[in-house]
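One file, structure.tsv, carrying TSV, C-alpha atoms:
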```tsv
chain	number	residue	atom	x	y	z
H	21	MET	CA	-16.55	15.36	-19.90
H	22	VAL	CA	-19.48	16.93	-21.74
H	23	HIS	CA	-21.19	20.02	-20.38
H	24	THR	CA	-24.33	21.47	-21.93
H	25	ASP	CA	-26.64	24.31	-21.14
H	26	ALA	CA	-30.31	23.70	-21.94
H	27	ALA	CA	-30.56	27.26	-23.29
H	28	HIS	CA	-28.00	26.41	-26.00
H	29	LEU	CA	-29.30	23.00	-27.05
H	30	PRO	CA	-30.46	22.83	-30.69
H	31	PHE	CA	-33.52	20.88	-29.51
H	32	ASP	CA	-35.84	20.52	-26.52
H	33	GLY	CA	-33.68	18.90	-23.85
H	34	SER	CA	-36.64	17.35	-22.02
H	35	VAL	CA	-37.76	15.61	-25.25
H	36	HIS	CA	-34.47	14.67	-26.90
H	37	LEU	CA	-31.95	14.38	-24.05
H	38	MET	CA	-33.39	13.78	-20.56
H	39	THR	CA	-36.97	13.34	-19.38
H	40	LYS	CA	-37.70	15.73	-16.52
H	41	VAL	CA	-38.49	14.20	-13.15
H	42	ALA	CA	-38.59	17.21	-10.81
H	43	SER	CA	-41.85	18.65	-12.12
H	44	HIS	CA	-43.83	15.40	-11.76
H	45	GLU	CA	-43.53	14.44	-8.10
H	46	ALA	CA	-47.32	14.27	-7.61
H	47	ASP	CA	-47.69	11.97	-10.63
H	48	LEU	CA	-44.92	9.72	-9.31
H	49	VAL	CA	-46.56	9.50	-5.88
H	50	ALA	CA	-49.86	8.49	-7.51
H	51	LEU	CA	-48.15	5.90	-9.72
H	52	ARG	CA	-46.23	4.39	-6.80
H	53	ALA	CA	-49.48	4.10	-4.85
H	54	ALA	CA	-51.02	2.31	-7.84
H	55	LEU	CA	-48.04	-0.06	-8.01
H	56	ASP	CA	-48.27	-0.83	-4.29
H	57	SER	CA	-51.94	-1.74	-4.62
H	58	SER	CA	-51.52	-3.73	-7.85
H	59	SER	CA	-51.73	-7.48	-7.35
H	60	ALA	CA	-50.20	-7.97	-10.81
H	61	PHE	CA	-47.15	-5.95	-9.81
H	62	GLN	CA	-46.78	-7.77	-6.50
H	63	ALA	CA	-46.94	-11.11	-8.29
H	64	LEU	CA	-44.24	-9.94	-10.69
H	65	VAL	CA	-41.98	-8.91	-7.82
H	66	GLU	CA	-42.31	-12.39	-6.34
H	67	LYS	CA	-41.03	-14.10	-9.49
H	68	TYR	CA	-38.79	-11.24	-10.63
H	69	PRO	CA	-37.42	-9.41	-7.55
H	70	GLU	CA	-35.47	-6.99	-9.75
H	71	ALA	CA	-38.80	-5.37	-10.63
H	72	ALA	CA	-38.83	-3.51	-7.32
H	73	THR	CA	-35.41	-1.90	-7.77
H	74	TRP	CA	-36.10	-1.27	-11.46
H	75	CYS	CA	-38.95	1.10	-10.53
H	76	THR	CA	-36.80	4.19	-10.03
H	77	ASP	CA	-38.21	7.68	-10.46
H	78	THR	CA	-36.37	8.10	-13.75
H	79	ASN	CA	-37.82	4.87	-15.15
H	80	LEU	CA	-41.35	5.53	-13.91
H	81	VAL	CA	-41.53	9.09	-15.21
H	82	ARG	CA	-40.73	7.87	-18.73
H	83	PHE	CA	-43.72	5.53	-18.61
H	84	LEU	CA	-45.88	8.34	-17.26
H	85	HIS	CA	-44.76	10.61	-20.07
H	86	ALA	CA	-45.40	7.90	-22.66
H	87	ARG	CA	-49.00	7.66	-21.51
H	88	GLY	CA	-49.70	11.34	-21.04
H	89	TYR	CA	-49.34	11.12	-17.23
H	90	LYS	CA	-52.42	8.92	-16.98
H	91	VAL	CA	-51.68	6.69	-14.01
H	92	GLU	CA	-53.77	3.65	-14.93
H	93	GLN	CA	-52.46	3.55	-18.49
H	94	SER	CA	-48.91	4.03	-17.25
H	95	LEU	CA	-49.35	1.20	-14.75
H	96	LYS	CA	-50.56	-1.12	-17.50
H	97	LEU	CA	-47.54	-0.29	-19.66
H	98	ILE	CA	-45.15	-0.85	-16.74
H	99	ILE	CA	-46.68	-4.26	-16.04
H	100	GLU	CA	-46.29	-5.21	-19.72
H	101	ALA	CA	-42.65	-4.08	-19.72
H	102	LEU	CA	-41.86	-5.94	-16.50
H	103	GLU	CA	-43.54	-9.12	-17.75
H	104	TRP	CA	-41.32	-8.90	-20.84
H	105	ARG	CA	-38.22	-8.30	-18.69
H	106	ALA	CA	-39.12	-11.18	-16.37
H	107	THR	CA	-39.51	-13.52	-19.35
H	108	ARG	CA	-36.71	-12.34	-21.64
H	109	ARG	CA	-34.25	-11.14	-18.96
H	110	PRO	CA	-32.47	-8.60	-21.21
H	111	ASP	CA	-30.26	-7.71	-18.22
H	112	LEU	CA	-28.75	-11.21	-18.33
H	113	ILE	CA	-28.23	-11.59	-22.08
H	114	ASP	CA	-24.54	-10.69	-22.00
H	115	LYS	CA	-23.92	-12.59	-18.77
H	116	LEU	CA	-24.73	-15.97	-20.30
H	117	PRO	CA	-21.61	-17.43	-21.95
H	118	GLU	CA	-23.64	-19.18	-24.63
H	119	ASN	CA	-24.93	-15.84	-25.91
H	120	GLU	CA	-21.56	-14.22	-26.63
H	121	GLU	CA	-20.91	-16.25	-29.78
H	122	LEU	CA	-24.48	-15.69	-31.01
H	123	LEU	CA	-24.29	-11.93	-30.40
H	124	SER	CA	-20.92	-11.72	-32.14
H	125	LYS	CA	-22.23	-13.62	-35.15
H	126	GLU	CA	-25.39	-11.53	-35.38
H	127	SER	CA	-23.30	-8.34	-35.06
H	128	SER	CA	-20.61	-9.32	-37.55
H	129	THR	CA	-21.90	-7.19	-40.44
H	130	GLY	CA	-22.70	-4.10	-38.36
H	131	LYS	CA	-26.44	-4.39	-38.98
H	132	LEU	CA	-27.09	-3.29	-35.39
H	133	TYR	CA	-24.55	-1.91	-32.92
H	134	CYS	CA	-23.79	0.90	-30.47
H	135	ALA	CA	-21.29	3.11	-32.27
H	136	GLY	CA	-20.41	5.47	-29.42
H	137	SER	CA	-21.88	8.72	-28.10
H	138	ASP	CA	-22.78	11.98	-29.79
H	139	ARG	CA	-21.74	15.48	-28.71
H	140	TRP	CA	-24.49	15.52	-26.05
H	141	GLY	CA	-23.53	12.18	-24.49
H	142	ARG	CA	-26.36	10.22	-26.14
H	143	PRO	CA	-25.46	6.68	-27.27
H	144	VAL	CA	-25.82	6.26	-31.04
H	145	VAL	CA	-27.34	2.95	-32.15
H	146	ILE	CA	-26.77	2.03	-35.78
H	147	PHE	CA	-29.43	0.13	-37.73
H	148	ASN	CA	-28.68	-1.24	-41.21
H	149	ASN	CA	-31.00	-4.01	-42.27
H	150	THR	CA	-29.51	-4.05	-45.79
H	151	VAL	CA	-26.57	-6.09	-44.45
H	152	GLU	CA	-28.69	-8.76	-42.77
H	153	ASN	CA	-26.70	-11.95	-42.24
H	154	SER	CA	-29.12	-14.26	-40.44
H	155	ASN	CA	-32.44	-16.04	-40.80
H	156	ASP	CA	-32.71	-16.36	-37.03
H	157	SER	CA	-35.53	-14.00	-36.04
H	158	GLU	CA	-35.09	-14.88	-32.36
H	159	GLY	CA	-31.38	-14.09	-32.59
H	160	ARG	CA	-32.10	-10.73	-34.19
H	161	MET	CA	-34.53	-9.76	-31.44
H	162	LEU	CA	-31.99	-10.89	-28.83
H	163	LEU	CA	-29.41	-8.62	-30.47
H	164	LEU	CA	-31.87	-5.71	-30.43
H	165	ALA	CA	-32.67	-6.15	-26.73
H	166	TRP	CA	-28.97	-6.45	-25.87
H	167	ASN	CA	-28.04	-3.30	-27.78
H	168	LEU	CA	-30.83	-1.32	-26.13
H	169	GLU	CA	-29.66	-2.47	-22.70
H	170	PHE	CA	-26.07	-1.67	-23.60
H	171	ALA	CA	-27.07	1.80	-24.83
H	172	CYS	CA	-28.85	2.43	-21.52
H	173	LYS	CA	-25.71	1.42	-19.61
H	174	MET	CA	-23.68	3.88	-21.68
H	175	MET	CA	-25.84	6.86	-20.72
H	176	PRO	CA	-24.09	9.34	-18.41
H	177	THR	CA	-25.79	11.44	-15.75
H	178	GLY	CA	-28.17	13.90	-17.37
H	179	VAL	CA	-28.92	11.66	-20.37
H	180	ASP	CA	-31.65	9.03	-20.65
H	181	LYS	CA	-32.11	8.87	-24.43
H	182	PHE	CA	-30.26	7.38	-27.37
H	183	VAL	CA	-30.07	8.26	-31.05
H	184	ALA	CA	-31.05	5.73	-33.70
H	185	PHE	CA	-29.24	6.13	-37.02
H	186	VAL	CA	-30.87	4.09	-39.80
H	187	HIS	CA	-28.85	3.45	-42.98
H	188	LEU	CA	-31.27	3.16	-45.88
H	189	GLU	CA	-29.22	3.99	-48.97
H	190	LYS	CA	-29.49	0.41	-50.24
H	191	PHE	CA	-33.00	-0.24	-48.95
H	192	SER	CA	-35.39	-2.20	-51.15
H	193	LEU	CA	-38.55	-4.19	-50.62
H	194	MET	CA	-36.39	-7.30	-51.15
H	195	ASN	CA	-34.24	-6.70	-48.06
H	196	THR	CA	-36.82	-5.26	-45.72
H	197	PRO	CA	-37.68	-7.23	-42.57
H	198	SER	CA	-41.07	-8.86	-42.35
H	199	LEU	CA	-43.97	-6.73	-41.17
H	200	ARG	CA	-44.22	-8.98	-38.09
H	201	GLU	CA	-40.57	-8.42	-37.15
H	202	THR	CA	-40.91	-4.70	-37.83
H	203	ARG	CA	-43.95	-4.62	-35.55
H	204	ASP	CA	-42.12	-6.59	-32.84
H	205	THR	CA	-39.19	-4.17	-33.03
H	206	ILE	CA	-41.45	-1.14	-32.70
H	207	GLN	CA	-43.32	-2.72	-29.82
H	208	MET	CA	-40.08	-3.50	-27.96
H	209	LEU	CA	-38.92	0.08	-28.39
H	210	CYS	CA	-42.24	1.69	-27.49
H	211	ARG	CA	-43.51	-0.64	-24.76
H	212	CYS	CA	-40.33	-1.80	-23.07
H	213	TYR	CA	-38.13	1.27	-23.59
H	214	PRO	CA	-40.60	4.16	-23.83
H	215	GLU	CA	-39.21	7.68	-24.08
H	216	ARG	CA	-35.70	6.34	-24.59
H	217	LEU	CA	-35.46	7.64	-28.17
H	218	GLY	CA	-33.96	11.09	-28.56
H	219	HIS	CA	-33.76	11.31	-32.34
H	220	CYS	CA	-34.07	8.82	-35.18
H	221	ILE	CA	-31.98	9.76	-38.19
H	222	VAL	CA	-33.39	8.22	-41.37
H	223	TYR	CA	-30.42	8.36	-43.72
H	224	LYS	CA	-30.87	8.59	-47.47
H	225	ALA	CA	-34.05	6.56	-47.75
H	226	PRO	CA	-35.13	5.89	-51.36
H	227	SER	CA	-38.64	6.75	-52.45
H	228	VAL	CA	-39.69	3.08	-52.19
H	229	PHE	CA	-39.16	3.36	-48.42
H	230	ASN	CA	-42.33	5.47	-48.27
H	231	THR	CA	-44.34	2.31	-48.97
H	232	LEU	CA	-43.07	0.61	-45.83
H	233	PHE	CA	-43.13	3.76	-43.74
H	234	ASN	CA	-46.78	4.39	-44.57
H	235	ALA	CA	-47.55	0.79	-43.52
H	236	ILE	CA	-45.91	1.13	-40.11
H	237	LYS	CA	-46.55	4.80	-39.34
H	238	GLY	CA	-49.81	3.92	-37.63
H	239	LEU	CA	-47.87	1.79	-35.13
H	240	LEU	CA	-45.81	4.80	-34.05
H	241	ASP	CA	-46.71	7.29	-31.37
H	242	PRO	CA	-46.99	10.86	-32.77
H	243	ARG	CA	-44.22	11.91	-30.35
H	244	THR	CA	-41.96	9.28	-31.92
H	245	VAL	CA	-42.78	10.43	-35.44
H	246	ALA	CA	-41.85	13.98	-34.38
H	247	LYS	CA	-38.35	12.72	-33.48
H	248	LEU	CA	-37.64	11.47	-37.01
H	249	VAL	CA	-35.04	13.40	-39.00
H	250	PHE	CA	-34.88	12.58	-42.71
H	251	ILE	CA	-31.52	13.22	-44.40
H	252	LYS	CA	-31.48	13.15	-48.21
H	253	GLY	CA	-29.25	14.61	-50.88
H	254	ASP	CA	-25.94	16.41	-50.43
H	255	VAL	CA	-24.07	15.69	-47.19
H	256	SER	CA	-20.70	17.11	-48.25
H	257	ASP	CA	-18.81	19.19	-45.71
H	258	GLY	CA	-20.52	22.52	-45.18
H	259	SER	CA	-23.79	21.47	-46.86
H	260	GLU	CA	-27.12	22.10	-45.17
H	261	ASN	CA	-27.44	18.43	-44.25
H	262	ASP	CA	-23.89	18.34	-42.89
H	263	MET	CA	-24.49	21.39	-40.72
H	264	ARG	CA	-27.74	19.89	-39.42
H	265	MET	CA	-26.00	16.63	-38.48
H	266	ARG	CA	-23.08	18.46	-36.87
H	267	GLU	CA	-25.64	20.31	-34.76
H	268	LEU	CA	-27.47	17.13	-33.73
H	269	LEU	CA	-24.58	14.66	-33.38
H	270	GLY	CA	-21.29	16.53	-33.58
H	271	PRO	CA	-18.53	17.36	-36.09
H	272	ASP	CA	-17.43	13.71	-36.42
H	273	TRP	CA	-20.94	12.45	-37.23
H	274	LYS	CA	-19.87	10.66	-40.41
H	275	VAL	CA	-17.16	8.63	-38.68
H	276	LEU	CA	-19.45	7.96	-35.72
H	277	THR	CA	-22.32	6.63	-37.84
H	278	GLY	CA	-20.42	5.18	-40.78
H	279	ALA	CA	-22.12	7.59	-43.18
H	280	GLU	CA	-20.12	8.02	-46.39
H	281	GLN	CA	-17.39	5.76	-44.97
H	282	PRO	CA	-15.67	2.85	-46.76
H	283	VAL	CA	-17.04	-0.68	-46.58
H	284	TYR	CA	-14.24	-2.60	-44.91
H	285	GLN	CA	-15.62	-6.10	-45.33
H	286	PRO	CA	-18.08	-7.57	-47.86
H	287	ARG	CA	-21.78	-7.11	-47.11
H	288	SER	CA	-21.09	-4.99	-44.06
H	289	SER	CA	-22.30	-1.61	-42.90
H	290	PRO	CA	-20.08	1.26	-44.05
H	291	GLY	CA	-17.39	2.19	-41.54
H	292	TYR	CA	-17.92	-0.99	-39.50
H	293	ARG	CA	-15.05	-3.36	-38.69
H	294	HIS	CA	-16.16	-6.26	-36.55
H	295	ASP	CA	-12.59	-7.24	-35.67
H	296	VAL	CA	-12.16	-3.80	-34.09
H	297	HIS	CA	-15.62	-2.96	-32.79
H	298	TRP	CA	-16.56	-6.24	-31.10
H	299	PRO	CA	-13.43	-6.61	-28.91
H	300	ALA	CA	-13.74	-2.93	-27.94
H	301	THR	CA	-17.39	-3.43	-27.00
H	302	MET	CA	-16.58	-6.50	-24.90
H	303	GLN	CA	-13.82	-4.57	-23.13
H	304	LYS	CA	-16.20	-1.70	-22.39
H	305	LEU	CA	-18.72	-4.21	-21.06
H	306	ARG	CA	-16.12	-5.72	-18.73
H	307	GLU	CA	-15.27	-2.25	-17.44
H	308	MET	CA	-18.95	-1.54	-16.79
H	309	ARG	CA	-19.31	-4.79	-14.85
H	310	ALA	CA	-16.22	-4.00	-12.80
H	311	ARG	CA	-17.60	-0.60	-11.82
H	312	GLU	CA	-20.98	-2.10	-10.99
H	313	SER	CA	-19.48	-4.84	-8.82
H	314	SER	CA	-17.22	-2.37	-7.01
H	315	GLY	CA	-20.10	0.00	-6.36
H	316	ALA	CA	-18.26	2.80	-8.13
H	317	SER	CA	-21.09	3.60	-10.53
H	318	HIS	CA	-22.21	7.20	-10.22
H	319	CYS	CA	-24.74	7.47	-13.01
H	320	HIS	CA	-28.52	7.55	-12.90
H	321	SER	CA	-30.72	4.46	-12.90
H	322	THR	CA	-31.72	3.06	-16.28
H	323	ALA	CA	-33.87	0.30	-17.69
H	324	SER	CA	-31.41	-2.29	-16.45
H	325	GLY	CA	-30.50	-0.71	-13.13
H	326	ALA	CA	-27.55	1.54	-12.42
H	327	SER	CA	-25.96	2.97	-15.53
H	328	THR	CA	-22.28	3.62	-15.92
H	329	ALA	CA	-20.38	5.82	-18.34
H	330	PRO	CA	-17.08	7.64	-18.31
H	331	SER	CA	-18.48	11.10	-19.02
H	332	THR	CA	-21.17	13.25	-17.46
H	333	VAL	CA	-23.57	15.75	-18.95
H	334	ALA	CA	-24.70	18.68	-16.85
H	335	VAL	CA	-27.99	20.08	-18.10
H	336	ALA	CA	-29.41	23.30	-16.77
H	337	GLU	CA	-33.19	23.13	-16.60
```

As structure tokens:
Amino acid sequence: MVHTDAAHLPFDGSVHLMTKVASHEADLVALRAALDSSSAFQALVEKYPEAATWCTDTNLVRFLHARGYKVEQSLKLIIEALEWRATRRPDLIDKLPENEELLSKESSTGKLYCAGSDRWGRPVVIFNNTVENSNDSEGRMLLLAWNLEFACKMMPTGVDKFVAFVHLEKFSLMNTPSLRETRDTIQMLCRCYPERLGHCIVYKAPSVFNTLFNAIKGLLDPRTVAKLVFIKGDVSDGSENDMRMRELLGPDWKVLTGAEQPVYQPRSSPGYRHDVHWPATMQKLREMRARESSGASHCHSTASGASTAPSTVAVAE
């Protein structure tokens, strides 16, 4: 069980850990009134009934925050996100038997996976495009949506954000995803999972990465850019970078993220073993489903409904 005190967090808890709901009741009332009077929302509920239960206070306040608490803009973003959910059904990806083999294959090199949780209870999602193993763009986007949903399910009470850890040591313009796929990834993160990102650790990016970053920076919200943490140079125990990462993620940050870990299988992300990670992930998923079906879930609502996790985080506001 993880306990934290907001006064002792090394960052702003409302930005990097849990979006505040209590101080925005009036905004939520206005947004709910806008939803009730929206014909587009009502039409969505008819074809996608889950939309109604998805609109929890915790979900809605993230969309409000993403649009500066402007109700009409927030409503538009919610409709876009729900249209995407109604079409892509990310909540059903892992419930369709035909997807399990595809997800396992796409995950086999550790290019994208949920590694566990950091010291604050935030799920850590690993990105490593340098070990890409597929030409299936649709499969890659399916894997992204599934991992984001899975990360949301992992979040304990008091946490509604994840950490992205991006391995870039071997980045080059030859192994970068297309600009279109990069744009689609950013749009999924920003439009369908707004305010879910706590920190994004950009790990050992070479100077050539600046070319791509400058091309996509304009697609990013300034609040997202402010959550980027660039780690370069010495990461040995006790170094400035090591102390910074211990503060953000915890003392085992290297094992958690695979940073500076061995490569266990050819063309795979460091520290990743598919024969260990995938069965463990499937077992965790089965446990989540069992808790959901038994009604034993005690965690807050997330993008996919009720979230479950074995630990809780108590945050003093």

### Task
Excluding range 113-120 of chain H and any residue of its chain fewer than 5 positions from it, enumerate the residues within 9 Å of it, using all atoms listed in the file, and give them as a PyMOL selection string.
chain H and resi 108+125+162-163+165-166+305

Can you write just those residues out, C-alpha atoms, as a PDB file, in the coordinates of the input?
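The new file again38.pdb reads:
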```pdb
ATOM      1  CA  ARG H 108     -36.710 -12.340 -21.640  1.00  0.00           C
ATOM      2  CA  LYS H 125     -22.230 -13.620 -35.150  1.00  0.00           C
ATOM      3  CA  LEU H 162     -31.990 -10.890 -28.830  1.00  0.00           C
ATOM      4  CA  LEU H 163     -29.410  -8.620 -30.470  1.00  0.00           C
ATOM      5  CA  ALA H 165     -32.670  -6.150 -26.730  1.00  0.00           C
ATOM      6  CA  TRP H 166     -28.970  -6.450 -25.870  1.00  0.00           C
ATOM      7  CA  LEU H 305     -18.720  -4.210 -21.060  1.00  0.00           C
TER       8      LEU H 305
END
```

### Task
Would you please work out which residue, of H:Met265, H:Cys212, H:Val179, H:Leu188, is nearest to Arg109 in chain H when using only C-alpha atoms?
H:Cys212

### Task
Between CA of Ser34 in chain H and CA of Val91 in chain H, measure the distance and give it in Å to one decimal.
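Distance between the two atoms: 20.1 Å.
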
### Message
My list of candidates is H:His297, H:Arg243, H:Arg87, H:His187. Which is closest to Pro226 in chain H when distances are computed with all atoms listed in the file?
### Response
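Closest residue, counting all atoms listed in the file: H:His187.
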
Find the residues around Ala72 in chain H up to 12 Å (all atoms listed in the file counted), leave out those fewer than 2 positions away in its own chain, and share them as a short mmCIF file (atom, residue, chain, number, x, y, z; two decimals) with C-alpha atoms, in the coordinates of the input.
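Saved as result_28.cif:
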```
data_model
loop_
_atom_site.label_atom_id
_atom_site.label_comp_id
_atom_site.auth_asym_id
_atom_site.auth_seq_id
_atom_site.Cartn_x
_atom_site.Cartn_y
_atom_site.Cartn_z
CA ARG H 52 -46.23 4.39 -6.80
CA LEU H 55 -48.04 -0.06 -8.01
CA ASP H 56 -48.27 -0.83 -4.29
CA PHE H 61 -47.15 -5.95 -9.81
CA GLN H 62 -46.78 -7.77 -6.50
CA ALA H 63 -46.94 -11.11 -8.29
CA LEU H 64 -44.24 -9.94 -10.69
CA VAL H 65 -41.98 -8.91 -7.82
CA GLU H 66 -42.31 -12.39 -6.34
CA LYS H 67 -41.03 -14.10 -9.49
CA TYR H 68 -38.79 -11.24 -10.63
CA PRO H 69 -37.42 -9.41 -7.55
CA GLU H 70 -35.47 -6.99 -9.75
CA TRP H 74 -36.10 -1.27 -11.46
CA CYS H 75 -38.95 1.10 -10.53
CA THR H 76 -36.80 4.19 -10.03
CA ASP H 77 -38.21 7.68 -10.46
CA ASN H 79 -37.82 4.87 -15.15
CA LEU H 80 -41.35 5.53 -13.91
CA ILE H 98 -45.15 -0.85 -16.74
CA ILE H 99 -46.68 -4.26 -16.04
CA LEU H 102 -41.86 -5.94 -16.50
CA ALA H 106 -39.12 -11.18 -16.37
CA SER H 324 -31.41 -2.29 -16.45
CA GLY H 325 -30.50 -0.71 -13.13
#
```

### Message
For Gln93 in chain H, find every residue with an atom within 10 Å (counting all atoms listed in the file), except residues of its own chain fewer than 6 positions away, and show them as a list in words.
### Response
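Everything that qualifies: Phe83, Leu84, Ala86 and Arg87 of chain H.
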